[in-house]
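Structure file start_8.tsv with TSV, C-alpha atoms:
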```
chain	number	residue	atom	x	y	z
P	1	MET	CA	-35.36	38.99	29.68
P	2	LYS	CA	-34.06	42.37	30.93
P	3	LYS	CA	-30.60	40.87	31.40
P	4	ILE	CA	-30.60	39.54	27.81
P	5	ASN	CA	-31.74	42.88	26.40
P	6	PHE	CA	-29.03	44.62	28.41
P	7	LEU	CA	-26.42	42.21	27.05
P	8	PHE	CA	-27.50	42.82	23.46
P	9	SER	CA	-27.46	46.60	24.01
P	10	LEU	CA	-23.96	46.39	25.45
P	11	LEU	CA	-22.72	44.27	22.51
P	12	ILE	CA	-24.19	46.73	20.02
P	13	LEU	CA	-22.55	49.67	21.80
P	14	THR	CA	-19.17	47.93	21.84
P	15	GLY	CA	-19.49	46.98	18.17
P	16	LEU	CA	-19.50	43.22	18.71
P	17	ILE	CA	-22.97	42.96	17.19
P	18	SER	CA	-24.18	45.34	14.51
P	19	GLY	CA	-27.78	46.45	14.40
P	20	THR	CA	-28.12	44.74	11.02
P	21	ALA	CA	-26.84	41.44	12.34
P	22	LEU	CA	-29.07	41.65	15.39
P	23	LYS	CA	-32.13	41.62	13.14
P	24	ALA	CA	-31.02	38.20	11.93
P	25	ALA	CA	-32.18	36.77	15.25
P	26	GLU	CA	-35.59	36.65	13.60
P	27	ASP	CA	-34.13	34.50	10.77
P	28	PRO	CA	-34.12	36.42	7.48
P	29	LYS	CA	-36.36	35.37	4.64
P	30	THR	CA	-34.76	33.13	2.03
P	31	LEU	CA	-34.47	34.63	-1.43
P	32	GLU	CA	-37.36	33.66	-3.70
P	33	ILE	CA	-36.95	31.87	-7.04
P	34	GLY	CA	-36.74	34.49	-9.79
P	35	ALA	CA	-35.22	37.14	-7.53
P	36	SER	CA	-32.12	39.05	-8.57
P	37	ALA	CA	-28.84	38.23	-6.86
P	38	PRO	CA	-28.19	40.77	-4.08
P	39	SER	CA	-24.90	42.64	-4.43
P	40	PHE	CA	-22.08	42.04	-1.97
P	41	SER	CA	-18.48	43.00	-1.25
P	42	LEU	CA	-16.60	40.45	0.85
P	43	PRO	CA	-13.00	39.57	1.68
P	44	GLY	CA	-11.63	36.29	0.36
P	45	VAL	CA	-9.09	34.03	2.02
P	46	ASP	CA	-6.72	34.84	-0.86
P	47	GLY	CA	-6.46	38.48	0.22
P	48	LYS	CA	-8.75	39.82	-2.52
P	49	THR	CA	-12.13	41.51	-2.17
P	50	TYR	CA	-14.93	39.99	-4.24
P	51	THR	CA	-18.19	41.53	-5.40
P	52	LEU	CA	-21.10	40.18	-7.42
P	53	GLU	CA	-19.44	41.82	-10.44
P	54	SER	CA	-16.33	39.71	-9.90
P	55	PHE	CA	-18.26	36.76	-11.35
P	56	LYS	CA	-19.97	38.53	-14.24
P	57	ALA	CA	-18.16	36.45	-16.85
P	58	GLY	CA	-19.89	33.25	-15.73
P	59	LYS	CA	-22.88	31.89	-17.61
P	60	ILE	CA	-24.12	30.62	-14.26
P	61	LEU	CA	-23.22	31.64	-10.71
P	62	VAL	CA	-23.31	29.08	-7.90
P	63	ILE	CA	-23.14	30.54	-4.39
P	64	ILE	CA	-22.73	28.06	-1.54
P	65	PHE	CA	-23.09	29.17	2.06
P	66	THR	CA	-20.87	26.88	4.11
P	67	ALA	CA	-18.84	26.71	7.32
P	68	ASN	CA	-15.59	25.25	8.63
P	69	HIS	CA	-17.01	23.66	11.75
P	70	CYS	CA	-20.18	22.10	10.34
P	71	PRO	CA	-19.98	18.30	9.88
P	72	THR	CA	-22.57	18.40	7.09
P	73	ALA	CA	-20.65	21.11	5.25
P	74	GLN	CA	-17.46	19.07	5.61
P	75	ALA	CA	-19.26	15.98	4.32
P	76	TYR	CA	-20.04	17.88	1.11
P	77	GLU	CA	-16.63	19.53	0.56
P	78	ASP	CA	-15.34	16.95	-1.90
P	79	ARG	CA	-18.61	16.86	-3.83
P	80	VAL	CA	-18.55	20.65	-4.16
P	81	MET	CA	-15.05	20.50	-5.60
P	82	LYS	CA	-16.12	17.78	-8.06
P	83	LEU	CA	-18.92	20.06	-9.26
P	84	TYR	CA	-16.35	22.81	-9.75
P	85	GLN	CA	-14.04	20.50	-11.69
P	86	GLU	CA	-16.88	19.35	-13.92
P	87	TYR	CA	-18.54	22.68	-14.65
P	88	HIS	CA	-16.14	25.58	-14.13
P	89	SER	CA	-14.55	25.04	-17.54
P	90	LYS	CA	-18.05	25.22	-19.04
P	91	GLY	CA	-18.62	28.75	-17.81
P	92	VAL	CA	-20.01	28.12	-14.31
P	93	GLU	CA	-18.63	30.37	-11.56
P	94	PHE	CA	-18.52	29.01	-8.00
P	95	VAL	CA	-18.10	30.94	-4.77
P	96	MET	CA	-18.34	29.78	-1.18
P	97	ILE	CA	-19.37	32.15	1.61
P	98	SER	CA	-19.06	31.58	5.35
P	99	PRO	CA	-22.01	33.40	6.95
P	100	ASN	CA	-21.26	32.57	10.58
P	101	ASN	CA	-20.19	35.01	13.25
P	102	PRO	CA	-17.26	33.18	14.87
P	103	MET	CA	-18.06	34.53	18.34
P	104	ALA	CA	-21.50	32.91	18.11
P	105	VAL	CA	-20.02	29.44	17.56
P	106	CYS	CA	-19.86	27.60	20.89
P	107	LEU	CA	-16.88	25.36	21.62
P	108	GLU	CA	-19.34	22.51	22.10
P	109	GLU	CA	-20.46	23.01	18.49
P	110	ILE	CA	-16.97	22.38	17.08
P	111	GLY	CA	-16.94	18.68	17.91
P	112	TYR	CA	-16.47	17.59	14.30
P	113	SER	CA	-13.68	19.92	13.26
P	114	ASP	CA	-10.18	21.08	14.04
P	115	LEU	CA	-11.22	24.63	13.11
P	116	GLY	CA	-13.78	27.24	14.06
P	117	ASP	CA	-15.31	29.81	11.72
P	118	SER	CA	-12.96	32.79	12.08
P	119	PHE	CA	-11.46	34.37	8.96
P	120	ASP	CA	-7.98	33.13	9.86
P	121	GLU	CA	-9.29	29.59	10.31
P	122	MET	CA	-11.04	29.82	6.94
P	123	LYS	CA	-7.63	30.47	5.39
P	124	ILE	CA	-6.31	27.27	6.97
P	125	ARG	CA	-9.26	25.19	5.72
P	126	ALA	CA	-8.91	26.61	2.20
P	127	LYS	CA	-5.23	25.71	2.18
P	128	ASP	CA	-5.80	22.24	3.65
P	129	LYS	CA	-8.53	21.38	1.15
P	130	LYS	CA	-6.99	23.29	-1.78
P	131	TYR	CA	-10.24	25.06	-2.58
P	132	PRO	CA	-10.23	26.01	-6.28
P	133	MET	CA	-12.97	28.63	-5.88
P	134	PRO	CA	-13.08	31.85	-3.80
P	135	TYR	CA	-13.96	31.40	-0.11
P	136	LEU	CA	-15.44	34.59	1.34
P	137	TYR	CA	-16.05	35.80	4.90
P	138	ASP	CA	-19.37	37.39	5.91
P	139	GLY	CA	-19.13	36.78	9.65
P	140	ASP	CA	-18.82	40.32	10.96
P	141	LYS	CA	-21.78	42.22	9.53
P	142	GLN	CA	-23.53	39.18	7.98
P	143	GLU	CA	-25.23	41.50	5.50
P	144	THR	CA	-24.85	39.08	2.60
P	145	ALA	CA	-26.31	36.20	4.58
P	146	ILE	CA	-29.22	38.36	5.63
P	147	ALA	CA	-29.83	39.38	2.01
P	148	TYR	CA	-29.77	35.81	0.68
P	149	GLY	CA	-31.33	34.07	3.67
P	150	PRO	CA	-29.55	30.70	3.94
P	151	THR	CA	-31.05	28.51	6.65
P	152	THR	CA	-28.24	25.98	7.03
P	153	THR	CA	-24.70	25.20	6.01
P	154	PRO	CA	-24.47	24.15	3.28
P	155	HIS	CA	-27.15	26.02	1.34
P	156	VAL	CA	-26.90	26.48	-2.44
P	157	PHE	CA	-28.15	29.44	-4.54
P	158	ILE	CA	-27.83	29.13	-8.34
P	159	PHE	CA	-28.31	32.14	-10.64
P	160	ASP	CA	-28.69	32.22	-14.44
P	161	ASN	CA	-26.84	34.52	-16.84
P	162	GLN	CA	-29.19	37.36	-15.91
P	163	ARG	CA	-28.40	36.63	-12.25
P	164	LYS	CA	-31.92	35.55	-11.49
P	165	LEU	CA	-32.28	32.81	-8.86
P	166	ARG	CA	-33.17	29.51	-10.53
P	167	PHE	CA	-32.35	27.02	-7.78
P	168	CYS	CA	-32.21	27.22	-4.00
P	169	GLY	CA	-31.58	24.28	-1.71
P	170	ARG	CA	-29.44	21.22	-1.09
P	171	ILE	CA	-26.53	19.75	-3.00
P	172	ASP	CA	-28.19	16.33	-2.91
P	173	GLU	CA	-30.21	14.16	-0.53
P	174	MET	CA	-27.31	12.11	0.95
P	175	GLU	CA	-25.55	13.81	3.86
P	176	ASN	CA	-23.52	10.65	4.53
P	177	PRO	CA	-20.35	11.02	2.39
P	178	TYR	CA	-19.81	7.26	2.36
P	179	GLU	CA	-23.12	6.60	0.57
P	180	LYS	CA	-24.04	7.42	-3.04
P	181	ALA	CA	-26.52	10.19	-3.66
P	182	THR	CA	-29.41	9.51	-6.05
P	183	GLN	CA	-30.94	13.01	-6.21
P	184	PRO	CA	-28.16	15.44	-7.26
P	185	ASP	CA	-30.35	18.53	-7.27
P	186	THR	CA	-27.55	21.08	-7.59
P	187	LYS	CA	-25.88	19.20	-10.43
P	188	ASN	CA	-29.21	18.76	-12.22
P	189	ALA	CA	-29.94	22.47	-11.93
P	190	ILE	CA	-26.55	23.45	-13.35
P	191	ALA	CA	-26.86	20.98	-16.24
P	192	ALA	CA	-30.36	22.17	-17.11
P	193	LEU	CA	-29.36	25.84	-17.13
P	194	LEU	CA	-26.35	25.15	-19.34
P	195	GLU	CA	-28.68	23.41	-21.81
P	196	GLY	CA	-31.19	26.23	-21.69
P	197	LYS	CA	-33.80	24.01	-20.07
P	198	PRO	CA	-36.01	24.63	-17.02
P	199	VAL	CA	-34.52	23.53	-13.72
P	200	PRO	CA	-36.23	20.21	-12.82
P	201	VAL	CA	-36.44	20.99	-9.09
P	202	GLU	CA	-36.23	24.69	-8.26
P	203	LYS	CA	-36.29	24.58	-4.47
P	204	THR	CA	-35.63	22.02	-1.75
P	205	LYS	CA	-35.30	21.99	1.99
P	206	THR	CA	-31.76	21.84	3.39
P	207	PHE	CA	-30.17	19.84	6.18
P	208	GLY	CA	-27.16	20.98	8.16
P	209	CYS	CA	-25.96	23.33	10.88
P	210	SER	CA	-27.96	26.45	11.62
P	211	ILE	CA	-26.52	29.84	10.71
P	212	LYS	CA	-24.64	31.32	13.66
P	213	TRP	CA	-26.08	34.82	13.70
P	214	ALA	CA	-24.26	37.35	15.88
P	215	SER	CA	-27.31	37.49	18.11
P	216	LYS	CA	-26.51	33.94	19.24
P	217	VAL	CA	-23.46	35.15	21.15
P	218	GLU	CA	-25.61	34.82	24.27
P	219	TRP	CA	-25.56	31.03	23.89
P	220	ARG	CA	-21.78	30.94	23.91
P	221	THR	CA	-21.71	33.29	26.89
P	222	LYS	CA	-24.07	30.98	28.77
P	223	LEU	CA	-22.13	27.81	27.95
P	224	ASP	CA	-18.86	29.48	28.94
P	225	ALA	CA	-20.42	30.42	32.28
P	226	ASP	CA	-21.87	26.94	32.78
P	227	TRP	CA	-18.45	25.37	32.18
P	228	LYS	CA	-16.81	27.67	34.74
P	229	ASN	CA	-19.37	26.52	37.31
P	230	LYS	CA	-18.55	22.82	36.89
P	231	PRO	CA	-16.76	21.17	39.82
P	232	VAL	CA	-12.99	20.64	39.48
P	233	GLU	CA	-11.34	17.76	41.32
P	234	VAL	CA	-8.04	15.88	41.39
P	235	THR	CA	-7.79	12.19	42.33
P	236	ASN	CA	-4.84	10.33	43.82
P	237	ALA	CA	-3.34	7.73	41.47
P	238	ASP	CA	-0.76	5.10	42.46
P	239	ILE	CA	1.14	3.07	39.88
P	240	ASN	CA	-1.67	0.52	39.55
P	241	SER	CA	-4.15	3.32	38.87
P	242	ILE	CA	-1.83	4.72	36.23
P	243	LYS	CA	-1.65	1.32	34.52
P	244	GLU	CA	-5.45	1.15	34.56
P	245	ILE	CA	-5.68	4.61	33.01
P	246	MET	CA	-3.27	3.55	30.27
P	247	ALA	CA	-5.21	0.34	29.60
P	248	ASN	CA	-8.09	2.63	28.58
P	249	LYS	CA	-11.20	0.54	28.93
P	250	SER	CA	-13.36	3.65	28.53
P	251	GLY	CA	-14.31	2.86	24.93
P	252	LYS	CA	-13.14	6.37	24.00
P	253	TYR	CA	-10.00	7.90	22.59
P	254	ARG	CA	-8.21	9.19	25.68
P	255	LEU	CA	-5.91	12.20	25.42
P	256	ILE	CA	-3.45	12.11	28.34
P	257	ASN	CA	-1.21	14.98	29.37
P	258	MET	CA	1.67	14.50	31.83
P	259	TRP	CA	2.39	17.81	33.51
P	260	ALA	CA	3.45	19.72	36.62
P	261	THR	CA	2.80	23.17	38.06
P	262	TRP	CA	6.53	23.97	38.03
P	263	CYS	CA	6.79	23.20	34.29
P	264	GLY	CA	6.43	26.45	32.33
P	265	PRO	CA	5.44	24.87	28.99
P	266	CYS	CA	2.91	22.66	30.81
P	267	VAL	CA	1.22	25.68	32.35
P	268	ILE	CA	1.18	27.55	29.04
P	269	GLU	CA	-0.42	24.80	26.97
P	270	PHE	CA	-2.82	23.38	29.58
P	271	PRO	CA	-5.85	25.56	28.67
P	272	GLU	CA	-5.77	24.10	25.15
P	273	PHE	CA	-6.58	20.66	26.57
P	274	VAL	CA	-9.57	22.06	28.45
P	275	THR	CA	-10.76	23.57	25.17
P	276	MET	CA	-10.41	20.19	23.44
P	277	GLN	CA	-12.49	18.52	26.15
P	278	ARG	CA	-15.22	21.06	25.56
P	279	MET	CA	-15.02	20.60	21.80
P	280	TYR	CA	-14.87	16.80	21.63
P	281	GLY	CA	-16.09	15.62	25.04
P	282	ALA	CA	-19.60	14.81	23.83
P	283	ARG	CA	-18.12	12.37	21.33
P	284	ASN	CA	-15.82	9.35	21.45
P	285	PHE	CA	-13.17	11.33	23.36
P	286	GLU	CA	-12.00	12.34	26.82
P	287	PHE	CA	-9.09	14.32	28.23
P	288	VAL	CA	-7.13	13.10	31.27
P	289	SER	CA	-4.44	15.08	33.07
P	290	ILE	CA	-1.83	13.45	35.32
P	291	SER	CA	0.16	15.75	37.58
P	292	THR	CA	3.67	14.71	38.62
P	293	ASP	CA	3.93	17.38	41.35
P	294	GLY	CA	3.62	14.89	44.21
P	295	LEU	CA	1.07	14.73	47.00
P	296	LYS	CA	2.72	17.51	49.02
P	297	LYS	CA	1.67	19.94	46.30
P	298	LYS	CA	-1.82	18.59	45.81
P	299	ASP	CA	-3.43	21.80	47.04
P	300	LYS	CA	-1.35	23.82	44.57
P	301	VAL	CA	-2.31	21.44	41.77
P	302	LEU	CA	-6.00	21.76	42.62
P	303	GLU	CA	-5.71	25.54	42.78
P	304	PHE	CA	-4.18	25.59	39.29
P	305	LEU	CA	-6.81	23.24	37.88
P	306	ARG	CA	-9.61	25.39	39.28
P	307	GLU	CA	-7.99	28.52	37.87
P	308	LYS	CA	-7.99	26.86	34.43
P	309	ASN	CA	-11.59	25.58	34.84
P	310	ALA	CA	-10.31	22.03	34.30
P	311	ALA	CA	-13.61	20.19	34.80
P	312	THR	CA	-11.92	17.11	33.36
P	313	LYS	CA	-10.53	13.85	34.72
P	314	ASN	CA	-7.49	14.94	36.73
P	315	TYR	CA	-5.05	12.72	38.63
P	316	ILE	CA	-1.96	13.27	40.75
P	317	TYR	CA	0.70	10.58	40.91
P	318	THR	CA	1.21	9.58	44.53
P	319	SER	CA	4.79	8.26	44.56
P	320	ASP	CA	7.99	10.32	44.67
P	321	ASP	CA	9.65	7.73	42.40
P	322	LYS	CA	8.81	8.87	38.88
P	323	TYR	CA	10.58	6.08	36.97
P	324	PRO	CA	7.86	3.43	37.37
P	325	LEU	CA	5.44	6.12	36.17
P	326	ILE	CA	7.49	6.72	33.03
P	327	GLU	CA	7.53	3.02	32.19
P	328	ALA	CA	3.82	2.61	32.90
P	329	VAL	CA	2.82	5.54	30.71
P	330	ASP	CA	5.00	4.88	27.66
P	331	LYS	CA	8.25	2.96	27.41
P	332	ASN	CA	9.29	5.34	24.63
P	333	TRP	CA	8.88	8.40	26.86
P	334	PRO	CA	12.30	9.78	27.90
P	335	GLY	CA	10.70	11.42	30.93
P	336	ALA	CA	10.69	15.17	30.15
P	337	LEU	CA	7.58	17.31	30.64
P	338	PRO	CA	5.17	18.05	29.17
P	339	TYR	CA	4.32	14.75	27.50
P	340	THR	CA	1.10	14.16	25.62
P	341	ILE	CA	-0.33	10.94	24.21
P	342	LEU	CA	-3.53	9.87	22.52
P	343	VAL	CA	-4.58	6.39	23.59
P	344	ALA	CA	-7.08	4.35	21.59
P	345	PRO	CA	-9.71	2.20	23.30
P	346	GLY	CA	-7.82	-0.86	24.50
P	347	GLY	CA	-4.58	0.96	25.30
P	348	GLU	CA	-2.71	1.47	22.00
P	349	ILE	CA	-0.83	4.79	21.86
P	350	VAL	CA	-1.68	6.33	18.49
P	351	TYR	CA	-0.05	9.72	19.01
P	352	SER	CA	2.73	10.97	21.29
P	353	HIS	CA	4.56	14.25	21.66
P	354	GLN	CA	7.16	15.53	24.08
P	355	GLY	CA	7.23	19.28	24.59
P	356	VAL	CA	4.63	21.90	23.80
P	357	ILE	CA	1.99	20.56	21.41
P	358	ASP	CA	1.12	22.00	18.04
P	359	VAL	CA	-2.56	22.57	18.81
P	360	LEU	CA	-3.83	22.36	15.24
P	361	GLU	CA	-1.72	19.27	14.52
P	362	LEU	CA	-3.13	17.51	17.57
P	363	LYS	CA	-6.71	18.44	16.69
P	364	LYS	CA	-6.17	17.01	13.22
P	365	GLU	CA	-4.91	13.78	14.77
P	366	ILE	CA	-8.03	13.62	16.92
P	367	MET	CA	-10.20	14.20	13.85
P	368	LYS	CA	-8.48	11.29	12.10
P	369	LYS	CA	-9.59	9.02	14.93
P	370	ILE	CA	-13.08	10.22	15.84
P	371	GLY	CA	-14.05	11.56	12.40
P	372	ARG	CA	-15.47	14.75	10.89
P	373	PHE	CA	-18.92	13.52	9.92
P	374	PHE	CA	-22.05	12.31	11.69
P	375	ALA	CA	-21.51	9.04	9.86
P	376	ASP	CA	-18.24	8.57	11.79
P	377	ASP	CA	-19.98	8.37	15.17
P	378	LYS	CA	-19.93	4.99	16.84
```
Rewritten as structure tokens:
Amino acid sequence: MKKINFLFSLLILTGLISGTALKAAEDPKTLEIGASAPSFSLPGVDGKTYTLESFKAGKILVIIFTANHCPTAQAYEDRVMKLYQEYHSKGVEFVMISPNNPMAVCLEEIGYSDLGDSFDEMKIRAKDKKYPMPYLYDGDKQETAIAYGPTTTPHVFIFDNQRKLRFCGRIDEMENPYEKATQPDTKNAIAALLEGKPVPVEKTKTFGCSIKWASKVEWRTKLDADWKNKPVEVTNADINSIKEIMANKSGKYRLINMWATWCGPCVIEFPEFVTMQRMYGARNFEFVSISTDGLKKKDKVLEFLREKNAATKNYIYTSDDKYPLIEAVDKNWPGALPYTILVAPGGEIVYSHQGVIDVLELKKEIMKKIGRFFADDK
């Protein structure tokens, strides 16, 4: 306990956690129905700063706390935009706020996304999804999140024309985006307010990812340390072993990187693969590295892998003749390093790239295969 308190004190002194955000470790109280909307001033991904007054023209204000990395939030993205398309022209203002401190999001929590919760990554998500409403960042001080008290992402707060809270809760009851919802609570609340009627259901529970308060940085610190303590090994692989790796009977999507310690681009990009293993390794995914250095440099290979904390499946090709290796890996591979492929269960190559990878592009390819939602898990 003393060590944890010391860590928090150090983070406060260095400015990584504000005193206000630290209080959120106790989970702030959710705003009560009838309460006035707390004021805020937050940066948007479009470069503008938004306040509560920025939305004063709206008959109704819908504030949705959401997050890039959360699979539940992603499952609701399209439904949120449909609500915007249906009601914005009728005088309903929509704003999305990301409450999460990005440093409190563990790599292991980003298994359903190509993006974390930093402000720069929010800009990418907004561009990818073509968000029509403002997307605001509250991750540093988290003062807005503390004032409103969301418990999950997503969490909806709907205010009337006097900016009194009239609904607080879920979008609907169906987290699975492939199934039809039958209890559209947010939509019902908006429709009722526009008609001057009482909201049929004022408050519901919410399901989704917990808010990543800055005080949860300790969890990321612990997981980072745990990963560094994992054993790192490299296994000899002859041509038959390589063919078996390529056949991929693991039942998972297998990301394979051909590399060598003498290859500058290989060395530069390698840590990204370790990150992907941490992000997606608990799902239908695994990373495999195959070194082409040769057995005489096995010690050097192992030293490099340990330096990069590569607690992954690592192999070193045992023969000095690289041409059978090239043919066994991919007949379309010219032979230059680095070379990266994504192999589906059963051995089909569904992605290949020679040279340094585009990290975001590759993550998006992985998402296409293993999915962004809980419903995608097999």
Polymer residues at most 10 Å from P:Gly335, only C-alpha atoms, same-chain spacing of 3 or more positions, as a list in words: Met258, Lys322, Tyr323, Leu325, Ile326, Glu327, Val329, Asp330, Lys331, Asn332, Pro338, Tyr339 and Gln354 of chain P
Which of P:Ile245, P:Leu193, P:Ala237, P:Leu42 sits closest to P:Lys298 [using all atoms listed in the file]: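 Checking each candidate against P:Lys298, we get P:Ala237 as the closest.
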May I have the residues within 6 Å of P:Thr51 as an mmCIF file with C-alpha atoms, in the frame of the given file, using all atoms listed in the file and disregarding those fewer than 3 positions away in the same chain?
```cif
data_model
loop_
_atom_site.group_PDB
_atom_site.id
_atom_site.type_symbol
_atom_site.label_atom_id
_atom_site.label_comp_id
_atom_site.auth_asym_id
_atom_site.auth_seq_id
_atom_site.Cartn_x
_atom_site.Cartn_y
_atom_site.Cartn_z
ATOM 1 C CA PHE P 40 -22.080 42.040 -1.970
ATOM 2 C CA SER P 41 -18.480 43.000 -1.250
ATOM 3 C CA SER P 54 -16.330 39.710 -9.900
#
```
Counting all atoms listed in the file, the residue of P:Lys130, P:Lys59, P:Lys164, P:His88 that sits nearest P:Ala35: P:Lys164
Near-stretch 364-376 of chain P list (10 Å; only C-alpha atoms; drop same-chain fewer than 5 positions) as a ChimeraX atom specification: /P:69-76,110-115,175-179,252-255,276,280,283-285,342,344,350-351,359
Interatomic distance (Å, one decimal) between atom CA of P:Leu302 and atom CA of P:Tyr315: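 Atom-to-atom, atom CA of P:Leu302 to atom CA of P:Tyr315, that is 9.9 Å.
Closest approach to P:Ala126 among P:Phe207, P:Pro38, P:Met81, P:Val156: P:Met81, based on all atoms listed in the file.
A cut-off of 12 Å from the point (2.6, 25.5, 31.4), with only C-alpha atoms, picks out the residues Asn257, Met258, Trp259, Ala260, Thr261, Trp262, Cys263, Gly264, Pro265, Cys266, Val267, Ile268, Glu269, Phe270, Pro271, Glu272, Phe273, Ser291, Phe304, Leu305, Lys308, Leu337, Pro338, Tyr339, Gly355, Val356 and Ile357 of chain P.
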Near-stretch 319-321 of chain P list (8 Å; all atoms listed in the file; drop same-chain fewer than 5 positions) as a PyMOL selection string: chain P and resi 238-239+294-295
Residues within 9 Å of (-26.5, 35.7, 5.1), counting only C-alpha atoms, listed as JSON, numbers by chain: {"P": [24, 28, 65, 97, 98, 99, 100, 138, 139, 142, 143, 144, 145, 146, 147, 148, 149, 150, 151, 211, 213]}
Stretch 113-128 of chain P rebuilt with N, CA and C atoms, output as a PDB file, keeping the file's coordinate frame:
```pdb
ATOM      1  N   SER P 113     -14.653  19.165  14.036  1.00  0.00           N
ATOM      2  CA  SER P 113     -13.680  19.920  13.260  1.00  0.00           C
ATOM      3  C   SER P 113     -12.459  20.278  14.081  1.00  0.00           C
ATOM      4  N   ASP P 114     -11.369  20.551  13.398  1.00  0.00           N
ATOM      5  CA  ASP P 114     -10.180  21.080  14.040  1.00  0.00           C
ATOM      6  C   ASP P 114     -10.189  22.602  14.008  1.00  0.00           C
ATOM      7  N   LEU P 115     -11.181  23.190  13.324  1.00  0.00           N
ATOM      8  CA  LEU P 115     -11.220  24.630  13.110  1.00  0.00           C
ATOM      9  C   LEU P 115     -12.584  25.214  13.424  1.00  0.00           C
ATOM     10  N   GLY P 116     -12.557  26.469  13.915  1.00  0.00           N
ATOM     11  CA  GLY P 116     -13.780  27.240  14.060  1.00  0.00           C
ATOM     12  C   GLY P 116     -14.055  28.019  12.795  1.00  0.00           C
ATOM     13  N   ASP P 117     -14.846  29.089  12.906  1.00  0.00           N
ATOM     14  CA  ASP P 117     -15.310  29.810  11.720  1.00  0.00           C
ATOM     15  C   ASP P 117     -14.718  31.218  11.587  1.00  0.00           C
ATOM     16  N   SER P 118     -13.589  31.483  12.238  1.00  0.00           N
ATOM     17  CA  SER P 118     -12.960  32.790  12.080  1.00  0.00           C
ATOM     18  C   SER P 118     -12.347  32.913  10.687  1.00  0.00           C
ATOM     19  N   PHE P 119     -12.045  34.132  10.278  1.00  0.00           N
ATOM     20  CA  PHE P 119     -11.460  34.370   8.960  1.00  0.00           C
ATOM     21  C   PHE P 119     -10.092  33.685   8.835  1.00  0.00           C
ATOM     22  N   ASP P 120      -9.292  33.777   9.883  1.00  0.00           N
ATOM     23  CA  ASP P 120      -7.980  33.130   9.860  1.00  0.00           C
ATOM     24  C   ASP P 120      -8.103  31.614   9.732  1.00  0.00           C
ATOM     25  N   GLU P 121      -9.090  31.043  10.401  1.00  0.00           N
ATOM     26  CA  GLU P 121      -9.290  29.590  10.310  1.00  0.00           C
ATOM     27  C   GLU P 121      -9.833  29.190   8.944  1.00  0.00           C
ATOM     28  N   MET P 122     -10.597  30.073   8.318  1.00  0.00           N
ATOM     29  CA  MET P 122     -11.040  29.820   6.940  1.00  0.00           C
ATOM     30  C   MET P 122      -9.847  29.703   5.999  1.00  0.00           C
ATOM     31  N   LYS P 123      -8.833  30.524   6.223  1.00  0.00           N
ATOM     32  CA  LYS P 123      -7.630  30.470   5.390  1.00  0.00           C
ATOM     33  C   LYS P 123      -6.950  29.114   5.525  1.00  0.00           C
ATOM     34  N   ILE P 124      -6.937  28.587   6.736  1.00  0.00           N
ATOM     35  CA  ILE P 124      -6.310  27.270   6.970  1.00  0.00           C
ATOM     36  C   ILE P 124      -7.094  26.182   6.254  1.00  0.00           C
ATOM     37  N   ARG P 125      -8.437  26.205   6.372  1.00  0.00           N
ATOM     38  CA  ARG P 125      -9.260  25.190   5.720  1.00  0.00           C
ATOM     39  C   ARG P 125      -9.083  25.245   4.206  1.00  0.00           C
ATOM     40  N   ALA P 126      -9.066  26.459   3.653  1.00  0.00           N
ATOM     41  CA  ALA P 126      -8.910  26.610   2.200  1.00  0.00           C
ATOM     42  C   ALA P 126      -7.579  26.032   1.737  1.00  0.00           C
ATOM     43  N   LYS P 127      -6.538  26.244   2.526  1.00  0.00           N
ATOM     44  CA  LYS P 127      -5.230  25.710   2.180  1.00  0.00           C
ATOM     45  C   LYS P 127      -5.196  24.194   2.324  1.00  0.00           C
ATOM     46  N   ASP P 128      -5.784  23.691   3.414  1.00  0.00           N
ATOM     47  CA  ASP P 128      -5.800  22.240   3.650  1.00  0.00           C
ATOM     48  C   ASP P 128      -6.546  21.498   2.549  1.00  0.00           C
TER      49      ASP P 128
END
```
